[in-house]
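Engineer: Can you keep this structure in mind? I'll have questions shortly.
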Amino acid sequence: MTNEFENARRTVARECLSELKHLPKYDDTAVTAILDKYVPQFKPLNHMKFSAKSVLVHYVRLIQKE
């Protein structure tokens, strides 16, 4: 069960990262809007005591490094 949740978290983070990569230029408001778009999908998968948005950003950064 844990592995399924981890895969789901990574899938949402990958989708978010692919949309972030399509931005022509870094813009805080655009990045925030994209993250806010994916937070409702990520919220039920959040397994940490931190906010869903913070954990999503963490996963996006992890996947970006891979």
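Residues in the structure tokens are numbered from 1 in each chain, the chains being A, B, ... in the order shown, and ligands are numbered from 1 in the order shown.
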Can you pull out the residues contacting region 20-35 of chain A? Cut-off 8 Å, using only C-alpha atoms, and skip same-chain residues under 4 positions away; I want them as a PyMOL selection string.
Structural biologist: chain A and resi 16+39+53+56-57
Engineer: Could you pull the residues within 12 Å of Lys43 (chain A), counting only C-alpha atoms, minus those fewer than 2 positions along the same chain, as a list in words?
Structural biologist: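 Listed by chain and then number, they are Phe5, Ala8, Arg9, Val12, Ala13, Leu35, Asp36, Lys37, Tyr38, Val39, Pro40, Gln41, Leu45, Asn46, His47, Met48, Lys49, Phe50, Ser51, Ala52, Lys53, Ser54, Val55 and Leu56 of chain A.
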Engineer: Residues as selected, N, CA and C atoms, written as a CSV table (one decimal), in the first residue's frame, can you do that?
Structural biologist:
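What follows is the written file selection39.csv:
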```
chain,number,residue,atom,x,y,z
A,5,PHE,N,1.1,4.5,-2.9
A,5,PHE,CA,0.9,5.9,-2.5
A,5,PHE,C,2.2,6.7,-3.0
A,8,ALA,N,1.9,7.2,-6.6
A,8,ALA,CA,0.9,8.2,-6.9
A,8,ALA,C,1.5,9.6,-6.7
A,9,ARG,N,2.2,9.8,-5.6
A,9,ARG,CA,2.8,11.1,-5.3
A,9,ARG,C,3.8,11.5,-6.3
A,12,VAL,N,1.9,12.6,-9.6
A,12,VAL,CA,1.4,13.9,-9.6
A,12,VAL,C,2.5,14.9,-9.7
A,13,ALA,N,3.6,14.7,-9.0
A,13,ALA,CA,4.8,15.6,-9.0
A,13,ALA,C,5.4,15.6,-10.4
A,35,LEU,N,1.2,25.1,-9.2
A,35,LEU,CA,1.2,24.3,-8.0
A,35,LEU,C,-0.1,24.2,-7.3
A,36,ASP,N,-0.9,25.3,-7.3
A,36,ASP,CA,-2.2,25.3,-6.7
A,36,ASP,C,-3.2,24.4,-7.5
A,37,LYS,N,-2.9,24.2,-8.8
A,37,LYS,CA,-3.7,23.3,-9.6
A,37,LYS,C,-3.6,21.9,-9.2
A,38,TYR,N,-2.3,21.5,-8.8
A,38,TYR,CA,-2.0,20.1,-8.5
A,38,TYR,C,-2.2,19.8,-7.0
A,39,VAL,N,-2.3,20.7,-6.1
A,39,VAL,CA,-2.5,20.5,-4.7
A,39,VAL,C,-3.7,19.7,-4.4
A,40,PRO,N,-4.9,19.9,-5.0
A,40,PRO,CA,-6.0,19.1,-4.6
A,40,PRO,C,-5.8,17.6,-4.9
A,41,GLN,N,-5.1,17.3,-6.0
A,41,GLN,CA,-4.8,15.9,-6.3
A,41,GLN,C,-3.8,15.3,-5.4
A,45,LEU,N,-2.8,12.3,-0.8
A,45,LEU,CA,-1.6,11.5,-0.8
A,45,LEU,C,-0.5,12.0,0.2
A,46,ASN,N,-0.8,13.1,0.8
A,46,ASN,CA,0.2,13.7,1.7
A,46,ASN,C,0.4,12.8,2.9
A,47,HIS,N,1.6,12.5,3.2
A,47,HIS,CA,1.9,11.6,4.3
A,47,HIS,C,2.7,12.2,5.4
A,48,MET,N,3.0,13.5,5.2
A,48,MET,CA,3.8,14.2,6.2
A,48,MET,C,3.0,15.2,7.0
A,49,LYS,N,3.6,15.8,8.0
A,49,LYS,CA,2.8,16.7,8.8
A,49,LYS,C,2.9,18.1,8.2
A,50,PHE,N,3.6,18.3,7.1
A,50,PHE,CA,3.7,19.6,6.5
A,50,PHE,C,2.5,19.8,5.5
A,51,SER,N,2.4,21.0,5.0
A,51,SER,CA,1.3,21.3,4.1
A,51,SER,C,1.5,20.5,2.8
A,52,ALA,N,0.4,20.3,2.1
A,52,ALA,CA,0.4,19.5,0.9
A,52,ALA,C,1.2,20.2,-0.2
A,53,LYS,N,1.1,21.5,-0.2
A,53,LYS,CA,1.9,22.3,-1.2
A,53,LYS,C,3.4,22.2,-1.0
A,54,SER,N,3.8,22.2,0.3
A,54,SER,CA,5.2,22.1,0.6
A,54,SER,C,5.8,20.7,0.2
A,55,VAL,N,5.0,19.7,0.5
A,55,VAL,CA,5.4,18.4,0.2
A,55,VAL,C,5.5,18.1,-1.3
A,56,LEU,N,4.5,18.7,-2.0
A,56,LEU,CA,4.5,18.6,-3.5
A,56,LEU,C,5.7,19.3,-4.1
```
Engineer: Can you tell me, as a PyMOL selection string, which residues in chain A count as helix (DSSP H, G or I) by DSSP?
Structural biologist: chain A and resi 2-21+28-45+52-65
Engineer: I'd like to know which of A:Glu19, A:Thr2, A:Arg14, A:Asn7 is closest to Leu62 (chain A), using only C-alpha atoms.
Structural biologist: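 Of the candidates, the smallest distance to Leu62 (chain A) is held by A:Arg14.
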